[in-house]
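One file, coords15.pdb, carrying PDB, C-alpha atoms, pLDDT in the B column:
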MODEL        1
ATOM      1  CA  MET C 268       7.983  16.363  -7.165  1.00 74.00           C
ATOM      2  CA  SER C 269       6.772  13.203  -5.503  1.00 88.00           C
ATOM      3  CA  ASN C 270       4.763  10.518  -7.294  1.00 90.00           C
ATOM      4  CA  PRO C 271       1.263  11.975  -7.973  1.00 89.00           C
ATOM      5  CA  ALA C 272      -0.214   8.460  -8.264  1.00 84.00           C
ATOM      6  CA  PHE C 273      -0.134   8.277  -4.442  1.00 88.00           C
ATOM      7  CA  VAL C 274      -2.672   9.989  -2.180  1.00 88.00           C
ATOM      8  CA  PHE C 275      -2.702   9.347   1.558  1.00 87.00           C
ATOM      9  CA  ASP C 276      -5.869   7.467   2.523  1.00 91.00           C
ATOM     10  CA  HIS C 277      -5.946   6.306   6.148  1.00 94.00           C
ATOM     11  CA  ILE C 278      -4.371   5.316   9.435  1.00 94.00           C
ATOM     12  CA  HIS C 279      -5.522   1.939  10.779  1.00 95.00           C
ATOM     13  CA  ILE C 280      -5.598   1.338  14.532  1.00 95.00           C
ATOM     14  CA  ILE C 281      -6.324  -1.987  16.239  1.00 95.00           C
ATOM     15  CA  SER C 282      -8.253  -1.343  19.438  1.00 95.00           C
ATOM     16  CA  GLU C 283      -9.349  -3.430  22.392  1.00 94.00           C
ATOM     17  CA  THR C 284     -12.342  -1.066  22.735  1.00 96.00           C
ATOM     18  CA  PRO C 285     -12.971   0.304  19.214  1.00 97.00           C
ATOM     19  CA  HIS C 286     -16.233   2.142  19.921  1.00 98.00           C
ATOM     20  CA  ALA C 287     -14.827   3.857  23.024  1.00 98.00           C
ATOM     21  CA  SER C 288     -11.639   4.733  21.143  1.00 97.00           C
ATOM     22  CA  ALA C 289     -13.581   6.228  18.221  1.00 98.00           C
ATOM     23  CA  GLN C 290     -15.673   8.252  20.658  1.00 98.00           C
ATOM     24  CA  TRP C 291     -12.457   9.578  22.263  1.00 98.00           C
ATOM     25  CA  TYR C 292     -11.458  11.167  18.931  1.00 98.00           C
ATOM     26  CA  VAL C 293     -14.929  12.712  18.689  1.00 98.00           C
ATOM     27  CA  ASP C 294     -14.894  14.021  22.263  1.00 98.00           C
ATOM     28  CA  MET C 295     -11.301  15.269  22.356  1.00 98.00           C
ATOM     29  CA  PHE C 296     -10.657  16.464  18.807  1.00 97.00           C
ATOM     30  CA  GLY C 297     -14.125  17.051  17.353  1.00 98.00           C
ATOM     31  CA  ALA C 298     -13.756  14.195  14.856  1.00 98.00           C
ATOM     32  CA  LYS C 299     -16.764  12.698  13.069  1.00 98.00           C
ATOM     33  CA  ILE C 300     -17.753   9.036  12.965  1.00 98.00           C
ATOM     34  CA  ALA C 301     -18.406   8.462   9.265  1.00 98.00           C
ATOM     35  CA  ALA C 302     -19.300   4.756   9.428  1.00 98.00           C
ATOM     36  CA  ASP C 303     -19.657   1.983  11.995  1.00 98.00           C
ATOM     37  CA  THR C 304     -19.230  -1.389  10.298  1.00 97.00           C
ATOM     38  CA  VAL C 305     -18.019  -4.944  10.860  1.00 97.00           C
ATOM     39  CA  ALA C 306     -15.111  -6.353   8.851  1.00 95.00           C
ATOM     40  CA  ARG C 307     -13.783  -9.911   9.126  1.00 95.00           C
ATOM     41  CA  GLY C 308     -15.623 -10.508  12.387  1.00 95.00           C
ATOM     42  CA  ALA C 309     -14.619  -7.312  14.201  1.00 96.00           C
ATOM     43  CA  PRO C 310     -16.109  -3.833  14.624  1.00 97.00           C
ATOM     44  CA  GLN C 311     -14.524  -1.267  12.279  1.00 97.00           C
ATOM     45  CA  ILE C 312     -15.257   2.416  12.790  1.00 98.00           C
ATOM     46  CA  PHE C 313     -14.333   5.073  10.236  1.00 98.00           C
ATOM     47  CA  VAL C 314     -13.394   8.357  11.919  1.00 98.00           C
ATOM     48  CA  GLU C 315     -12.777  11.561   9.926  1.00 98.00           C
ATOM     49  CA  LEU C 316     -10.444  14.205  11.344  1.00 97.00           C
ATOM     50  CA  GLY C 317      -8.787  17.038   9.478  1.00 94.00           C
ATOM     51  CA  GLY C 318      -9.143  15.376   6.096  1.00 93.00           C
ATOM     52  CA  THR C 319      -7.621  12.149   7.417  1.00 93.00           C
ATOM     53  CA  ASN C 320      -9.425   8.851   7.785  1.00 96.00           C
ATOM     54  CA  ILE C 321      -8.708   6.959  10.985  1.00 97.00           C
ATOM     55  CA  LEU C 322      -9.987   3.383  10.871  1.00 97.00           C
ATOM     56  CA  ILE C 323     -10.366   1.884  14.326  1.00 97.00           C
ATOM     57  CA  ARG C 324     -11.088  -1.804  14.449  1.00 96.00           C
ATOM     58  CA  GLY C 325     -11.446  -4.440  17.116  1.00 96.00           C
ATOM     59  CA  ARG C 326      -9.722  -7.772  17.566  1.00 95.00           C
ATOM     60  CA  ARG C 327     -10.367 -10.221  14.748  1.00 96.00           C
ATOM     61  CA  PRO C 328     -10.834 -13.934  15.417  1.00 96.00           C
ATOM     62  CA  GLY C 329      -7.453 -15.549  16.074  1.00 96.00           C
ATOM     63  CA  GLU C 330      -5.587 -12.279  16.792  1.00 95.00           C
ATOM     64  CA  ASP C 331      -3.787 -11.667  20.069  1.00 93.00           C
ATOM     65  CA  PRO C 332      -2.467  -8.073  19.844  1.00 92.00           C
ATOM     66  CA  SER C 333       0.273  -6.971  22.218  1.00 89.00           C
ATOM     67  CA  ILE C 334       0.216  -3.709  24.150  1.00 85.00           C
ATOM     68  CA  PRO C 335       2.604  -1.069  22.736  1.00 84.00           C
ATOM     69  CA  LYS C 336       5.262   0.567  24.871  1.00 83.00           C
ATOM     70  CA  PRO C 337       4.472   4.072  26.143  1.00 83.00           C
ATOM     71  CA  VAL C 338       6.448   7.085  24.955  1.00 85.00           C
ATOM     72  CA  GLN C 339       9.759   7.452  26.778  1.00 85.00           C
ATOM     73  CA  GLY C 340      11.557  10.718  27.348  1.00 83.00           C
ATOM     74  CA  TYR C 341      15.223  11.066  26.403  1.00 87.00           C
ATOM     75  CA  ALA C 342      17.642  13.990  26.783  1.00 82.00           C
ATOM     76  CA  ASP C 343      16.014  16.165  24.100  1.00 80.00           C
ATOM     77  CA  PHE C 344      13.433  13.954  22.342  1.00 84.00           C
ATOM     78  CA  SER C 345      10.831  11.280  22.981  1.00 85.00           C
ATOM     79  CA  SER C 346      10.157   7.900  21.381  1.00 87.00           C
ATOM     80  CA  HIS C 347       8.273   4.625  21.782  1.00 84.00           C
ATOM     81  CA  ASN C 348      11.712   3.035  21.311  1.00 86.00           C
ATOM     82  CA  GLU C 349      10.306   0.416  18.912  1.00 85.00           C
ATOM     83  CA  TRP C 350      10.656  -0.157  15.181  1.00 83.00           C
ATOM     84  CA  GLY C 351       7.661   0.851  13.096  1.00 80.00           C
ATOM     85  CA  THR C 352       5.332   3.784  13.440  1.00 83.00           C
ATOM     86  CA  ASP C 353       6.201   5.977  16.414  1.00 85.00           C
ATOM     87  CA  HIS C 354       3.357   8.506  16.110  1.00 91.00           C
ATOM     88  CA  PHE C 355       1.295  10.482  13.642  1.00 93.00           C
ATOM     89  CA  GLY C 356       0.777  14.214  13.674  1.00 94.00           C
ATOM     90  CA  PHE C 357      -1.791  16.877  12.973  1.00 95.00           C
ATOM     91  CA  LEU C 358      -1.194  20.527  12.219  1.00 95.00           C
ATOM     92  CA  TYR C 359      -3.523  22.549  14.462  1.00 95.00           C
ATOM     93  CA  ARG C 360      -4.669  25.792  12.839  1.00 93.00           C
ATOM     94  CA  GLY C 361      -5.584  27.694  15.960  1.00 93.00           C
ATOM     95  CA  ASP C 362      -4.295  28.474  19.427  1.00 95.00           C
ATOM     96  CA  LEU C 363      -2.567  25.213  20.366  1.00 96.00           C
ATOM     97  CA  THR C 364      -1.866  26.416  23.912  1.00 97.00           C
ATOM     98  CA  ALA C 365      -5.576  27.019  24.575  1.00 97.00           C
ATOM     99  CA  PHE C 366      -6.580  23.765  22.849  1.00 97.00           C
ATOM    100  CA  CYS C 367      -4.129  21.760  24.982  1.00 97.00           C
ATOM    101  CA  ALA C 368      -5.423  23.436  28.143  1.00 97.00           C
ATOM    102  CA  ALA C 369      -8.946  22.299  27.169  1.00 97.00           C
ATOM    103  CA  LEU C 370      -7.679  18.757  26.517  1.00 98.00           C
ATOM    104  CA  ALA C 371      -5.867  18.694  29.874  1.00 97.00           C
ATOM    105  CA  ALA C 372      -9.100  19.787  31.581  1.00 98.00           C
ATOM    106  CA  LYS C 373     -10.749  16.715  30.016  1.00 97.00           C
ATOM    107  CA  GLY C 374      -8.019  14.493  31.487  1.00 97.00           C
ATOM    108  CA  VAL C 375      -5.872  13.962  28.391  1.00 97.00           C
ATOM    109  CA  ALA C 376      -2.261  13.002  29.162  1.00 95.00           C
ATOM    110  CA  PHE C 377       0.699  14.684  27.462  1.00 95.00           C
ATOM    111  CA  PRO C 378       3.808  12.484  27.425  1.00 92.00           C
ATOM    112  CA  VAL C 379       5.523  15.442  25.756  1.00 92.00           C
ATOM    113  CA  PRO C 380       4.126  18.741  27.054  1.00 93.00           C
ATOM    114  CA  LEU C 381       3.950  21.862  24.900  1.00 95.00           C
ATOM    115  CA  LYS C 382       7.385  22.946  23.769  1.00 93.00           C
ATOM    116  CA  HIS C 383       9.104  24.637  20.859  1.00 91.00           C
ATOM    117  CA  GLY C 384      10.534  22.193  18.350  1.00 86.00           C
ATOM    118  CA  VAL C 385      13.326  22.556  15.843  1.00 79.00           C
ATOM    119  CA  GLY C 386      12.563  25.658  13.787  1.00 82.00           C
ATOM    120  CA  GLY C 387      10.376  27.199  16.479  1.00 85.00           C
ATOM    121  CA  SER C 388       7.054  25.446  15.877  1.00 90.00           C
ATOM    122  CA  LEU C 389       4.971  24.759  18.967  1.00 95.00           C
ATOM    123  CA  LEU C 390       4.258  21.058  19.533  1.00 94.00           C
ATOM    124  CA  CYS C 391       3.180  18.429  22.033  1.00 95.00           C
ATOM    125  CA  TYR C 392       2.348  14.732  22.100  1.00 95.00           C
ATOM    126  CA  VAL C 393      -1.032  13.453  23.262  1.00 96.00           C
ATOM    127  CA  SER C 394      -1.658   9.947  24.626  1.00 94.00           C
ATOM    128  CA  ALA C 395      -4.629   8.548  22.726  1.00 95.00           C
ATOM    129  CA  PRO C 396      -6.350   5.228  23.425  1.00 95.00           C
ATOM    130  CA  ASP C 397      -4.669   1.958  22.431  1.00 93.00           C
ATOM    131  CA  GLY C 398      -1.120   3.194  23.047  1.00 91.00           C
ATOM    132  CA  VAL C 399      -1.331   5.660  20.147  1.00 94.00           C
ATOM    133  CA  SER C 400       0.749   8.846  20.298  1.00 94.00           C
ATOM    134  CA  ILE C 401      -0.410  11.904  18.371  1.00 96.00           C
ATOM    135  CA  GLU C 402       1.765  14.933  17.769  1.00 95.00           C
ATOM    136  CA  LEU C 403      -0.070  18.258  17.616  1.00 96.00           C
ATOM    137  CA  MET C 404       1.792  21.130  15.948  1.00 95.00           C
ATOM    138  CA  GLN C 405       1.239  24.843  15.507  1.00 95.00           C
ATOM    139  CA  CYS C 406       3.522  26.462  12.953  1.00 85.00           C
ATOM    140  CA  ARG C 407       5.454  29.599  13.782  1.00 74.00           C
ATOM    141  CA  SER C 408       3.579  31.656  11.194  1.00 64.00           C
ATOM    142  CA  ALA C 409       0.701  31.504   8.725  1.00 53.00           C
ATOM    143  CA  SER C 410       3.193  31.157   5.867  1.00 51.00           C
ATOM    144  CA  ASP C 411       4.572  27.980   7.498  1.00 50.00           C
ATOM    145  CA  ALA C 412       1.055  26.547   7.665  1.00 49.00           C
ATOM    146  CA  ALA C 413       0.354  27.381   4.011  1.00 50.00           C
ATOM    147  CA  GLY C 414       2.084  24.328   2.625  1.00 52.00           C
ATOM    148  CA  THR C 415       5.578  24.058   4.022  1.00 54.00           C
ATOM    149  CA  PRO C 416       5.799  21.333   6.656  1.00 59.00           C
ATOM    150  CA  CYS C 417       6.397  22.628  10.176  1.00 60.00           C
ATOM    151  CA  ALA C 418       9.721  21.703  11.708  1.00 55.00           C
ATOM    152  CA  THR C 419       9.004  19.283  14.538  1.00 56.00           C
ATOM    153  CA  ALA C 420      10.753  17.668  17.487  1.00 53.00           C
TER
ENDMDL
END

Show me, as structure tokens, the structure contained in the file I just sent.
Amino acid sequence: MSNPAFVFDHIHIISETPHASAQWYVDMFGAKIAADTVARGAPQIFVELGGTNILIRGRRPGEDPSIPKPVQGYADFSSHNEWGTDHFGFLYRGDLTAFCAALAAKGVAFPVPLKHGVGGSLLCYVSAPDGVSIELMQCRSASDAAGTPCATA
């Protein structure tokens, strides 16, 4: 058993256009903007999605953020090819094929189109604002989604 003193709290994204980025999560994924604040001289928007908090903040005085590399395709996987966080993922409890078709109709880019990952789960990668990559997964069966992590790329 892992350490019960730890509970995942949030993902923090630095954005050149924080309000537009937060709205993207609302428009594309049905997220909810929980708070729109200012912290240390920059906008900071709290976005709730699937029980996860995504904090999107703007440039703070003195910062000069660099643009991340896009996802690159390799023989049988994809990667930003940089140290650090490559992507984060959400389990989608629904028809991922239909959901991705709706996202594509809204102009969302898929650096990794729908495919079957290791273990048979259906997955894809979505290009979100600010160079963020999000993996969307649909488990093979309801029992997979009940608590056992889906096998991914």

Practice prompt. Taking the file as shown, find all residues satisfying the PyMOL selection byres ((chain C and resi 333) around 12) and write them as a ChimeraX atom specification.
Written response: /C:281-283,326,330-332,334-336,397-398

Practice prompt. Just say which residues the PyMOL selection byres ((chain C and resi 310) around 6) picks in this file, as a list in words.
Written response: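 After applying the PyMOL selection byres ((chain C and resi 310) around 6), what remains is Thr304, Val305, Ala309, Gln311, Arg324 and Gly325 of chain C.
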
Worksheet item: In Å, with one decimal, what is the gap from atom CA of C:Phe296 to atom CA of C:Val338?
Response: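 Taking atom CA of C:Phe296 as the start and atom CA of C:Val338 as the end point, the length is 20.5 Å.
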
Worksheet item: Do you know which residues the PyMOL selection byres ((chain C and resi 377) around 10) returns on this file, as JSON, numbers by chain?
Response: {"C": [338, 367, 370, 371, 374, 375, 376, 378, 379, 380, 381, 391, 392, 393, 394, 395, 400, 401, 402]}

Worksheet entry | Residue nearest C:Gly329 among C:Gly308, C:His354, C:Ser269, C:Gln405 (counting only C-alpha atoms) |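 Result for the nearest residue to C:Gly329: C:Gly308.
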
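Of the listed residues C:Leu390, C:Trp291, C:Val274, C:Asn320, the one whose atoms come nearest to C:Asp362 is C:Leu390, with distances taken using all atoms listed in the file.
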
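If you look at atom CA of C:Arg407 and atom CA of C:Met295, they are 23.7 Å away from each other.
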
Worksheet item: Please, what distance in Å, to one decimal, runs between atom CA of C:Leu389 and atom CA of C:Phe273?
Response: 29.1 Å

Discussion item. Just want the 9 Å neighbourhood of C:Ile278, counted on all atoms listed in the file, with same-chain residues fewer than 4 positions away dropped. Output as a VMD selection string.
Written reply: chain C and resid 319 to 323 355
